[in-house]
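Enquirer: Next up, structure00.txt (compact mmCIF, C-alpha atoms and all ligand atoms).
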# COMPACT_ATOMS: atom_id res chain seq x y z
CA MET P 226 64.73 70.61 63.31
CA GLY P 227 67.67 72.90 64.01
CA ILE P 228 68.37 74.76 67.21
CA VAL P 229 69.90 78.18 67.92
CA SER P 230 70.97 79.77 71.16
CA SER P 231 68.32 82.19 72.35
CA ALA P 232 71.04 84.81 72.74
CA GLU P 233 71.26 84.92 68.93
CA GLY P 234 68.80 87.12 67.09
CA ILE P 235 65.83 85.72 65.25
CA SER P 236 66.71 84.38 61.79
CA THR P 237 65.05 85.47 58.54
CA ASN P 238 63.57 81.96 58.27
CA GLU P 239 61.94 82.30 61.68
CA LEU P 240 60.77 85.79 60.81
CA GLN P 241 59.08 84.46 57.65
CA LEU P 242 57.26 81.85 59.71
CA ALA P 243 56.32 84.40 62.37
CA LEU P 244 54.79 86.72 59.75
CA ARG P 245 52.74 83.95 58.13
CA ASN P 246 51.50 82.50 61.40
CA SER P 247 49.92 85.17 63.53
CA GLY P 248 49.36 84.89 67.25
CA MET P 249 46.43 86.11 69.33
CA PRO P 250 47.26 89.51 70.87
CA LEU P 251 47.01 88.85 74.60
CA GLU P 252 44.54 91.71 75.16
CA ALA P 253 42.10 89.50 73.20
CA LEU P 254 41.97 87.24 76.28
CA ARG P 255 39.22 89.66 77.35
CA TRP P 256 36.77 88.02 74.94
CA PRO P 257 35.32 84.64 75.95
CA LEU P 258 35.25 83.71 72.25
CA THR P 259 38.21 85.04 70.30
CA PRO P 260 37.00 87.44 67.59
CA LEU P 261 37.51 86.03 64.11
CA GLY P 262 40.84 87.24 62.79
CA LEU P 263 42.41 87.36 66.27
CA HIS P 264 42.49 83.55 66.72
CA TYR P 265 46.07 82.34 66.20
CA LEU P 266 47.06 80.68 62.93
CA LEU P 267 49.53 77.93 62.13
CA ILE P 268 50.01 76.83 58.55
CA HIS P 269 52.97 74.54 57.82
CA TYR P 270 53.00 74.99 54.04
CA ASP P 271 50.67 77.07 51.77
CA VAL P 272 46.98 77.81 52.26
CA PRO P 273 45.34 75.64 49.56
CA THR P 274 42.40 76.83 47.45
CA VAL P 275 39.63 74.26 47.31
CA ASP P 276 36.79 74.19 44.74
CA VAL P 277 33.94 73.30 47.08
CA ASP P 278 31.56 72.27 44.26
CA ALA P 279 33.94 69.58 43.08
CA TRP P 280 35.10 68.75 46.62
CA ARG P 281 34.04 65.50 48.30
CA LEU P 282 35.18 64.19 51.67
CA GLU P 283 36.47 60.68 51.10
CA LEU P 284 35.85 58.06 53.80
CA ALA P 285 38.19 55.17 53.08
CA GLY P 286 40.16 52.29 54.56
CA ARG P 287 38.85 49.66 56.97
CA LEU P 288 35.19 50.49 56.51
CA ALA P 289 32.22 48.36 55.45
CA ARG P 290 30.77 51.35 53.57
CA PRO P 291 33.40 53.75 52.18
CA ALA P 292 31.81 56.99 51.00
CA LEU P 293 32.24 60.29 49.20
CA LEU P 294 30.36 63.13 50.88
CA SER P 295 29.65 66.62 49.62
CA LEU P 296 29.54 69.58 51.99
CA GLU P 297 25.76 69.70 51.55
CA GLU P 298 25.47 66.05 52.58
CA LEU P 299 27.61 66.68 55.66
CA LYS P 300 25.47 69.67 56.61
CA GLU P 301 22.33 67.50 56.53
CA ARG P 302 23.76 65.46 59.39
CA GLU P 303 23.50 66.22 63.13
CA THR P 304 24.97 69.69 63.59
CA VAL P 305 26.66 70.95 66.77
CA THR P 306 28.44 74.12 67.80
CA VAL P 307 31.21 73.65 70.36
CA ALA P 308 33.44 76.24 72.04
CA VAL P 309 36.98 74.91 71.93
CA THR P 310 40.23 76.40 73.20
CA MET P 311 42.91 75.48 70.69
CA GLU P 312 46.60 75.93 71.31
CA CYS P 313 49.65 75.19 69.17
CA ALA P 314 51.98 72.56 70.66
CA GLY P 315 54.85 74.94 69.90
CA ASN P 316 53.40 77.73 72.03
CA GLY P 317 56.20 78.95 74.32
CA ARG P 318 58.95 77.58 72.04
CA ALA P 319 60.82 80.91 71.94
CA GLY P 320 61.27 80.66 75.72
CA MET P 321 63.43 77.56 75.45
CA THR P 322 67.24 77.70 75.54
CA PRO P 323 68.70 76.85 73.10
CA ARG P 324 65.74 77.86 70.95
CA PRO P 325 64.36 75.09 68.68
CA LEU P 326 64.21 76.49 65.14
CA SER P 327 60.59 76.67 64.06
CA GLN P 328 57.69 79.09 64.46
CA PRO P 329 58.99 81.19 67.40
CA TRP P 330 55.88 81.50 69.55
CA ILE P 331 56.24 83.35 72.83
CA GLY P 332 52.85 82.51 74.36
CA GLU P 333 50.19 83.83 71.99
CA ALA P 334 49.43 80.66 69.96
CA VAL P 335 45.98 80.14 71.40
CA GLY P 336 42.38 81.05 70.73
CA THR P 337 38.85 79.96 71.57
CA ALA P 338 36.26 79.62 68.84
CA ALA P 339 32.73 78.30 68.47
CA TRP P 340 33.19 75.62 65.81
CA THR P 341 30.16 74.34 63.92
CA GLY P 342 30.10 70.94 62.30
CA THR P 343 29.02 67.34 62.62
CA PRO P 344 30.32 64.85 65.22
CA LEU P 345 32.95 62.48 63.84
CA ALA P 346 32.08 59.32 65.81
CA PRO P 347 28.58 58.63 64.41
CA LEU P 348 29.84 59.25 60.87
CA LEU P 349 32.53 56.61 61.32
CA ARG P 350 30.16 54.17 63.03
CA GLU P 351 27.63 54.45 60.21
CA ALA P 352 30.40 53.75 57.71
CA GLY P 353 31.05 50.47 59.55
CA VAL P 354 34.49 50.53 61.19
CA SER P 355 36.09 47.09 60.95
CA GLY P 356 37.01 45.22 64.14
CA ASN P 357 40.77 45.37 63.53
CA ALA P 358 40.93 49.15 63.03
CA VAL P 359 43.42 50.93 65.32
CA GLU P 360 43.70 54.52 64.09
CA VAL P 361 41.98 57.06 61.87
CA LEU P 362 44.11 59.14 59.51
CA PHE P 363 43.13 62.67 58.48
CA ALA P 364 44.72 64.09 55.33
CA GLY P 365 44.66 67.74 54.26
CA PHE P 366 45.14 69.15 50.79
CA ASP P 367 48.26 71.12 51.64
CA CYS P 368 51.65 69.77 50.60
CA GLY P 369 55.20 70.75 51.42
CA ILE P 370 58.64 69.52 52.35
CA GLU P 371 59.64 69.17 55.96
CA GLY P 372 62.67 67.44 57.44
CA GLY P 373 63.59 66.59 53.83
CA VAL P 374 60.32 64.68 53.37
CA THR P 375 57.80 65.72 50.69
CA GLN P 376 54.39 65.26 52.22
CA THR P 377 50.75 66.10 52.54
CA TYR P 378 49.86 67.38 56.00
CA GLU P 379 48.33 64.36 57.70
CA ARG P 380 47.87 63.13 61.25
CA SER P 381 46.17 60.15 62.85
CA LEU P 382 44.07 59.76 65.99
CA PRO P 383 43.71 56.61 68.10
CA MET P 384 40.46 54.74 67.37
CA SER P 385 39.30 55.37 70.95
CA GLU P 386 39.58 59.16 70.54
CA ALA P 387 37.84 59.06 67.15
CA LEU P 388 34.94 56.88 68.37
CA SER P 389 34.54 58.00 72.00
CA GLY P 390 35.85 61.57 71.99
CA ASP P 391 34.11 64.79 71.05
CA ALA P 392 35.87 65.43 67.74
CA ILE P 393 33.84 67.20 65.07
CA LEU P 394 34.20 67.86 61.36
CA ALA P 395 33.75 71.62 61.23
CA TRP P 396 32.62 73.79 58.31
CA GLY P 397 31.95 76.89 60.40
CA ILE P 398 33.61 79.15 62.95
CA GLY P 399 31.69 81.80 64.88
CA ASN P 400 28.60 81.52 62.62
CA VAL P 401 30.47 81.97 59.34
CA ALA P 402 31.96 79.49 56.87
CA LEU P 403 35.55 78.55 57.63
CA PRO P 404 37.85 81.16 56.13
CA PRO P 405 40.66 79.75 53.92
CA GLN P 406 43.29 80.09 56.65
CA HIS P 407 41.25 78.03 59.15
CA GLY P 408 40.67 75.09 56.78
CA PHE P 409 37.92 75.77 54.24
CA PRO P 410 35.82 73.84 53.41
CA LEU P 411 36.19 71.31 56.29
CA ARG P 412 38.54 70.70 59.18
CA LEU P 413 38.86 68.35 62.10
CA VAL P 414 38.45 69.82 65.61
CA VAL P 415 39.64 67.57 68.45
CA PRO P 416 38.77 69.24 71.77
CA GLY P 417 41.58 69.09 74.33
CA TRP P 418 44.33 68.13 71.89
CA TYR P 419 47.14 70.44 70.80
CA GLY P 420 46.61 72.20 67.48
CA MET P 421 48.47 69.73 65.23
CA ALA P 422 45.67 67.14 65.64
CA ASN P 423 43.07 69.55 64.20
CA VAL P 424 43.74 68.82 60.52
CA LYS P 425 42.57 71.58 58.17
CA TRP P 426 41.48 71.43 54.49
CA LEU P 427 40.38 67.80 54.84
CA GLN P 428 40.31 65.68 51.72
CA ARG P 429 40.32 62.15 53.14
CA ILE P 430 39.65 60.19 56.33
CA THR P 431 41.17 56.70 56.29
CA VAL P 432 40.53 54.01 58.89
CA LEU P 433 43.79 52.12 59.47
CA ASP P 434 44.56 48.62 60.79
CA ALA P 435 48.13 49.63 61.69
CA PRO P 436 49.54 52.76 63.35
CA PHE P 437 50.35 55.65 60.99
CA HIS P 438 54.07 56.33 60.63
CA GLY P 439 53.96 59.58 58.67
CA TYR P 440 56.27 62.51 59.33
CA GLN P 441 53.89 64.55 61.52
CA GLN P 442 53.31 61.49 63.70
CA VAL P 443 56.76 59.98 64.20
CA GLN P 444 59.21 62.82 63.37
CA GLY P 445 57.28 65.96 64.23
CA TYR P 446 55.34 66.34 67.46
CA ARG P 447 57.44 64.03 69.61
CA ILE P 448 58.85 65.02 73.00
CA ARG P 449 62.50 63.99 72.87
CA LYS P 450 65.95 65.33 73.64
CA ASN P 451 67.66 64.06 70.48
CA ALA P 452 66.70 62.85 67.02
CA ASP P 453 67.81 59.23 67.64
CA GLU P 454 65.18 58.49 70.24
CA PRO P 455 61.52 57.93 69.28
CA GLY P 456 60.29 60.06 72.19
CA GLU P 457 56.71 60.44 73.34
CA PRO P 458 53.90 61.70 71.12
CA VAL P 459 52.47 65.16 71.77
CA THR P 460 48.78 64.73 72.56
CA ARG P 461 46.65 66.82 74.93
CA ILE P 462 47.09 70.43 75.98
CA LEU P 463 48.96 71.03 79.24
CA PRO P 464 47.47 73.58 81.63
CA ARG P 465 48.28 77.25 81.12
CA ALA P 466 47.05 80.55 82.53
CA LEU P 467 47.62 83.79 80.64
CA MET P 468 47.07 87.33 81.85
CA VAL P 469 45.78 90.30 79.90
CA PRO P 470 48.83 92.58 80.10
CA PRO P 471 47.70 95.41 82.40
CA GLY P 472 48.04 99.14 81.76
CA ILE P 473 49.61 100.47 78.57
CA PRO P 474 52.58 99.09 76.63
CA ASP P 475 55.85 100.60 75.54
CA PHE P 476 55.87 100.28 71.72
CA MET P 477 59.20 98.47 71.36
CA THR P 478 59.70 96.50 74.56
CA ARG P 479 56.03 95.89 75.42
CA ARG P 480 56.89 96.69 79.08
CA ARG P 481 53.66 97.71 80.79
CA PHE P 482 53.00 100.98 82.64
CA VAL P 483 50.27 101.37 85.25
CA ALA P 484 49.33 104.11 87.71
CA PRO P 485 49.58 103.41 91.45
CA GLY P 486 46.40 102.02 92.98
CA ARG P 487 44.13 99.01 92.67
CA HIS P 488 44.18 97.03 89.42
CA ARG P 489 41.99 94.13 88.45
CA LEU P 490 44.32 91.61 86.83
CA GLU P 491 42.43 89.19 84.62
CA GLY P 492 43.05 86.39 82.21
CA ARG P 493 42.04 82.90 81.11
CA ALA P 494 43.25 79.41 81.93
CA TRP P 495 42.74 76.05 80.22
CA SER P 496 43.88 72.44 80.09
CA GLY P 497 43.18 69.55 77.75
CA TRP P 498 43.41 67.07 80.64
CA GLY P 499 40.52 68.26 82.75
CA GLU P 500 38.94 71.25 84.37
CA VAL P 501 41.16 74.11 85.56
CA SER P 502 40.92 73.82 89.34
CA ARG P 503 43.18 76.63 90.52
CA VAL P 504 44.96 79.74 89.24
CA GLN P 505 47.55 81.67 91.19
CA VAL P 506 49.03 85.12 90.64
CA SER P 507 52.33 86.54 91.78
CA VAL P 508 53.10 90.26 91.73
CA THR P 509 56.55 89.65 93.21
CA GLY P 510 58.19 87.70 90.39
CA GLY P 511 57.23 84.40 91.99
CA ALA P 512 58.37 85.10 95.57
CA ARG P 513 54.77 84.93 96.79
CA TRP P 514 51.68 83.46 95.14
CA ASP P 515 47.99 84.16 95.87
CA ASP P 516 44.91 82.37 94.61
CA ALA P 517 42.98 84.12 91.85
CA GLU P 518 39.21 84.09 91.68
CA LEU P 519 37.91 81.65 89.06
CA GLY P 520 35.13 82.44 86.62
CA ASP P 521 32.98 80.01 84.67
CA ALA P 522 34.38 78.05 81.76
CA VAL P 523 33.18 79.21 78.35
CA GLY P 524 32.36 75.56 77.65
CA ARG P 525 33.39 72.06 78.63
CA HIS P 526 36.29 72.27 76.17
CA ALA P 527 37.12 75.94 76.59
CA TRP P 528 39.11 78.22 78.89
CA ARG P 529 37.78 79.76 82.08
CA GLY P 530 38.29 83.34 83.22
CA TRP P 531 40.15 84.35 86.38
CA SER P 532 40.78 87.63 88.14
CA TYR P 533 42.91 89.04 90.92
CA SER P 534 42.91 92.39 92.67
CA TRP P 535 46.36 93.95 92.80
CA VAL P 536 47.07 96.99 94.93
CA ALA P 537 50.09 98.58 93.28
CA ALA P 538 51.03 100.79 96.19
CA GLU P 539 54.65 101.68 95.49
CA PRO P 540 56.07 103.05 92.23
CA GLY P 541 58.78 100.80 90.78
CA ASP P 542 59.41 97.77 88.57
CA TYR P 543 57.42 94.59 89.10
CA GLN P 544 57.20 91.18 87.54
CA LEU P 545 53.70 89.72 87.39
CA ALA P 546 53.13 86.01 86.83
CA CYS P 547 50.27 83.53 86.78
CA ARG P 548 49.96 79.75 86.78
CA ALA P 549 47.22 77.14 86.54
CA TRP P 550 46.44 73.65 87.83
CA ASP P 551 43.95 71.16 86.41
CA ASN P 552 41.90 68.57 88.25
CA ALA P 553 44.01 65.79 86.73
CA GLY P 554 46.92 67.06 88.84
CA ASN P 555 48.88 68.81 86.08
CA PHE P 556 50.38 72.23 86.78
CA GLN P 557 52.69 74.74 85.20
CA PRO P 558 56.43 74.61 85.85
CA LEU P 559 58.34 77.77 86.75
CA GLU P 560 60.97 77.06 84.09
CA PRO P 561 60.67 75.43 80.64
CA GLU P 562 61.70 71.85 80.14
CA TRP P 563 63.67 71.70 76.92
CA ASN P 564 62.95 69.29 74.07
CA LEU P 565 64.16 69.13 70.48
CA GLY P 566 60.97 70.32 68.80
CA GLY P 567 60.15 72.95 71.39
CA TYR P 568 56.75 71.46 72.26
CA GLY P 569 54.54 71.78 75.30
CA ASN P 570 56.39 74.62 77.05
CA ASN P 571 53.75 75.70 79.56
CA ALA P 572 56.16 77.46 81.92
CA VAL P 573 54.53 80.40 83.71
CA GLN P 574 53.98 83.70 81.88
CA ARG P 575 55.91 86.66 83.28
CA ILE P 576 55.03 90.28 82.53
CA ALA P 577 57.29 93.26 83.26
CA VAL P 578 55.26 96.14 84.72
CA THR P 579 56.33 99.58 85.91
CA VAL P 580 54.15 101.36 88.44
CA THR P 581 54.66 105.01 87.55
CA PRO P 582 54.94 107.79 90.17
CA SER P 583 51.47 109.32 90.59
N1 LIG P 601 46.18 70.59 56.82
C1 LIG P 601 46.77 71.20 57.86
N2 LIG P 601 46.17 71.16 59.06
C2 LIG P 601 46.75 71.78 60.11
C3 LIG P 601 47.98 72.44 59.98
C4 LIG P 601 48.58 72.49 58.70
O1 LIG P 601 49.64 73.09 58.50
N3 LIG P 601 47.94 71.85 57.66
N4 LIG P 601 48.55 73.02 61.10
C5 LIG P 601 48.18 72.41 62.38
C6 LIG P 601 48.68 73.11 63.53
S1 LIG P 601 50.31 72.81 63.91
C7 LIG P 601 47.89 73.90 64.31
S2 LIG P 601 48.51 74.59 65.73
C8 LIG P 601 46.49 74.16 63.96
C9 LIG P 601 46.20 75.64 63.89
O2 LIG P 601 44.88 75.89 63.53
P1 LIG P 601 44.40 77.38 63.20
O3 LIG P 601 45.39 77.95 62.22
O4 LIG P 601 43.04 77.28 62.66
O5 LIG P 601 44.48 78.12 64.50
O6 LIG P 601 46.13 73.58 62.72
C10 LIG P 601 46.67 72.29 62.49
N5 LIG P 601 46.10 71.72 61.30
MO MO P 602 50.77 73.86 65.94
Using structure tokens, write down the structure from this file.
Expert:
Amino acid sequence: MGIVSSAEGISTNELQLALRNSGMPLEALRWPLTPLGLHYLLIHYDVPTVDVDAWRLELAGRLARPALLSLEELKERETVTVAVTMECAGNGRAGMTPRPLSQPWIGEAVGTAAWTGTPLAPLLREAGVSGNAVEVLFAGFDCGIEGGVTQTYERSLPMSEALSGDAILAWGIGNVALPPQHGFPLRLVVPGWYGMANVKWLQRITVLDAPFHGYQQVQGYRIRKNADEPGEPVTRILPRALMVPPGIPDFMTRRRFVAPGRHRLEGRAWSGWGEVSRVQVSVTGGARWDDAELGDAVGRHAWRGWSYSWVAAEPGDYQLACRAWDNAGNFQPLEPEWNLGGYGNNAVQRIAVTVTPS
């Protein structure tokens, strides 16, 4: 992964990635469930086309009863619908200096969807997981070259997460079949984990008796300062609060303009480590912080709303900011902490707002 100084303009390569992988416009934070088409997208290689009639999910590896399952057979199993806030591990990457060269997210790589599918754990248990199994590997259909390595997109989960967590194999989103870009015909959804764990376009699930050492596990998605160190794996989502940008935007700069008076600032906050326990807002660029009012969570694995009443008395330029805490004790830093891949930057969001003369 290369790096560029953030003073340099965006490269054509980054622009290509940015155009393929759309973010959620922040005004869509108003919806508890992100409308289909506004949920962010991240696709490393190409969107594969899958012939669902010929398609079978393969259950393989350290299992007493390996299996091939059609979509119809999967749909006959226990079916659940779970609201999950999903966020790309690279969200906030463009705010790091120097900027890690990859999809240049600012802060919009998030969305909440109602995913419909069947729980993963009972499926694995019924297939008879062997006693020496340590991880479960999920392989997609999509192939590409990354870091010089030709690969299929694949990621593993620890056995404990696969058997005790709330992961589902999803064939639906918001009451419709998965669209191609979200993983048709079947994807993994791992509540609380950053996006990379949620493998799309599944073709095979393999139970492993040794840790997976594939590219997306040991090269990509590691928190490290340089390529020589192994670093720490990226796992669960760090807390973040985002605000619906108030007022109206300037077309080019996206600076916001509001009239003097009282404004209800609102947004959402989430964490993959536990419940969001506190959200604060600053209308003074961080000089002073006040507690926001918390709303209900959309679900156990989904964001919760917050609001704050701002009296914009004086015309002038302001910087608004918000930050969240979770009940596991995690909170958002004021400044990004740099790492090579540009992962997990949950530094506070700042929004430039002008209060216009009345
Ligand atoms: N097969 C496959 N699964 C994948 C990816 C991919 O490129 N290929 N991208 C991952 C990443 S990095 C993210 S953030 C999420 C994004 O899911 P979405 O596009 O449905 O929002 O999918 C994950 N699953
Ligand atoms: Mo991602």
Enquirer: List as a list in words the protein and nucleic acid residues near P:Tyr378, meaning an atom at most 9 Å away when all atoms listed in the file are counted, but skip any in the same chain fewer than 4 places from it.
Expert: His269, Tyr270, Phe363, Ala364, Gly365, Phe366, Asp367, Cys368, Gly369, Val424, Lys425, Tyr440 and Gln441 of chain P
Enquirer: Please check which protein, DNA or RNA residues sit within 8 Å of ligand LIG 601 (chain P), counting only C-alpha atoms and all ligand atoms, and write them as a ChimeraX atom specification.
Expert: /P:246,264-271,311-315,334-336,364-367,377-379,406-408,412,419-427
Enquirer: Closest to ligand MO 602 (chain P) among P:Ala538, P:Val459, P:Val508, P:Ala292, using all atoms listed in the file?
Expert: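 Among the listed residues, P:Val459 lies closest to ligand MO 602 (chain P).
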Enquirer: For a quick check of understanding, using all atoms listed in the file, which of P:Glu360, P:Glu333, P:Asp521, P:Glu386 has the smallest distance to P:Gln574?
Expert: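 So, comparing all the options, the nearest one is P:Glu333.
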Enquirer: Mind checking which residues fall within 6 Å of stretch 529-535 of chain P, counting all atoms listed in the file, ignoring those fewer than 6 positions away in the same chain, and posting them as a list of chain:residue names?
Expert: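 The filter keeps P:Arg487, P:His488, P:Arg489, P:Leu490, P:Glu491, P:Gly492, P:Arg493, P:Ala494, P:Ala517, P:Glu518, P:Leu519, P:Gly520, P:Asp521, P:Ala522, P:Val523.
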Enquirer: So, with only C-alpha atoms and all ligand atoms as the atoms that count, which of P:Ala577, P:Ile462, P:Leu282, P:Leu559 lies closest to ligand MO 602 (chain P)?
Expert: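 So, comparing all the options, the nearest one is P:Ile462.
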Enquirer: Give the padded box for stretch 275-294 of chain P as AutoDock Vina command-line options: axis-aligned, covering all atoms listed in the file, 6 Å on each side, centre and edge lengths in Å to one decimal.
Expert:
--center_x 35.3 --center_y 61.3 --center_z 50.0 --size_x 21.8 --size_y 37.9 --size_z 25.9
Enquirer: For ligand MO 602 (chain P), which residue out of P:Gly510, P:Tyr543, P:Glu371, P:Arg318 is the nearest one, using all atoms listed in the file?
Expert: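 Of P:Gly510, P:Tyr543, P:Glu371, P:Arg318, the one nearest ligand MO 602 (chain P), counting all atoms listed in the file, is P:Arg318.
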Enquirer: Dig up all the protein and nucleic acid residues within 10 Å of (39.0, 45.1, 57.9) in the file frame, using only C-alpha atoms, and format them as an NGL selection string.
Expert: :P and (286-289 or 353-358 or 432-434)
Enquirer: Around (47.4, 97.2, 81.9), as given in the file, which residues come within 7 Å? Count only C-alpha atoms and list them as a list in words.
Expert: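 Result, sorted by chain then residue number: Pro470, Pro471, Gly472, Ile473, Arg481, Phe482 and Val483 of chain P.
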Enquirer: What does the structure give for the distance between atom CA of P:Gly486 and atom CA of P:Leu254, in Å to one decimal?
Expert: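 Answer for the atom CA of P:Gly486 to atom CA of P:Leu254 separation: 22.7 Å.
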Enquirer: Expressed in Å to a single decimal, how great is the separation between atom CA of P:Gly445 and atom CA of P:Gly332?
Expert: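 Going from atom CA of P:Gly445 over to atom CA of P:Gly332 covers 19.9 Å.
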Enquirer: Just the number, please: distance in Å from atom CA of P:Pro485 to atom CA of P:Gln544, one decimal.
Expert: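 If I compute the distance from atom CA of P:Pro485 to atom CA of P:Gln544, I get 14.9 Å.
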Enquirer: Could you name the residues that touch P:Leu348 at 10 Å or less, counting all atoms listed in the file, but leaving out those on the same chain fewer than 5 positions away, as an mmCIF file with C-alpha atoms, in the frame of the given file?
Expert:
data_model
loop_
_atom_site.group_PDB
_atom_site.id
_atom_site.type_symbol
_atom_site.label_atom_id
_atom_site.label_comp_id
_atom_site.auth_asym_id
_atom_site.auth_seq_id
_atom_site.Cartn_x
_atom_site.Cartn_y
_atom_site.Cartn_z
ATOM 1 C CA LEU P 284 35.850 58.060 53.800
ATOM 2 C CA LEU P 299 27.610 66.680 55.660
ATOM 3 C CA ARG P 302 23.760 65.460 59.390
ATOM 4 C CA GLU P 303 23.500 66.220 63.130
ATOM 5 C CA THR P 343 29.020 67.340 62.620
ATOM 6 C CA GLY P 353 31.050 50.470 59.550
ATOM 7 C CA VAL P 354 34.490 50.530 61.190
ATOM 8 C CA LEU P 388 34.940 56.880 68.370
ATOM 9 C CA ILE P 393 33.840 67.200 65.070
ATOM 10 C CA LEU P 394 34.200 67.860 61.360
#
Enquirer: If we count only C-alpha atoms, what is near P:Gln557 at a cut-off of 9 Å, once residues fewer than 2 positions away on the same chain are taken out, given as an NGL selection string?
Expert: :P and (463-466 or 548-550 or 555 or 559-560 or 570-573)
Enquirer: Between P:Glu500, P:Asp515, P:Glu301, P:Glu233, which has the minimum distance to P:Ala553 (counting all atoms listed in the file)?
Expert: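 Between P:Glu500, P:Asp515, P:Glu301, P:Glu233, the residue approaching P:Ala553 most closely is P:Glu500.
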Enquirer: Let me make sure I understand: among P:Ala512, P:Leu411, P:Ile235, P:Ala339, which one has the smallest atom-to-atom distance to P:Val305 if we use all atoms listed in the file?
Expert: P:Ala339
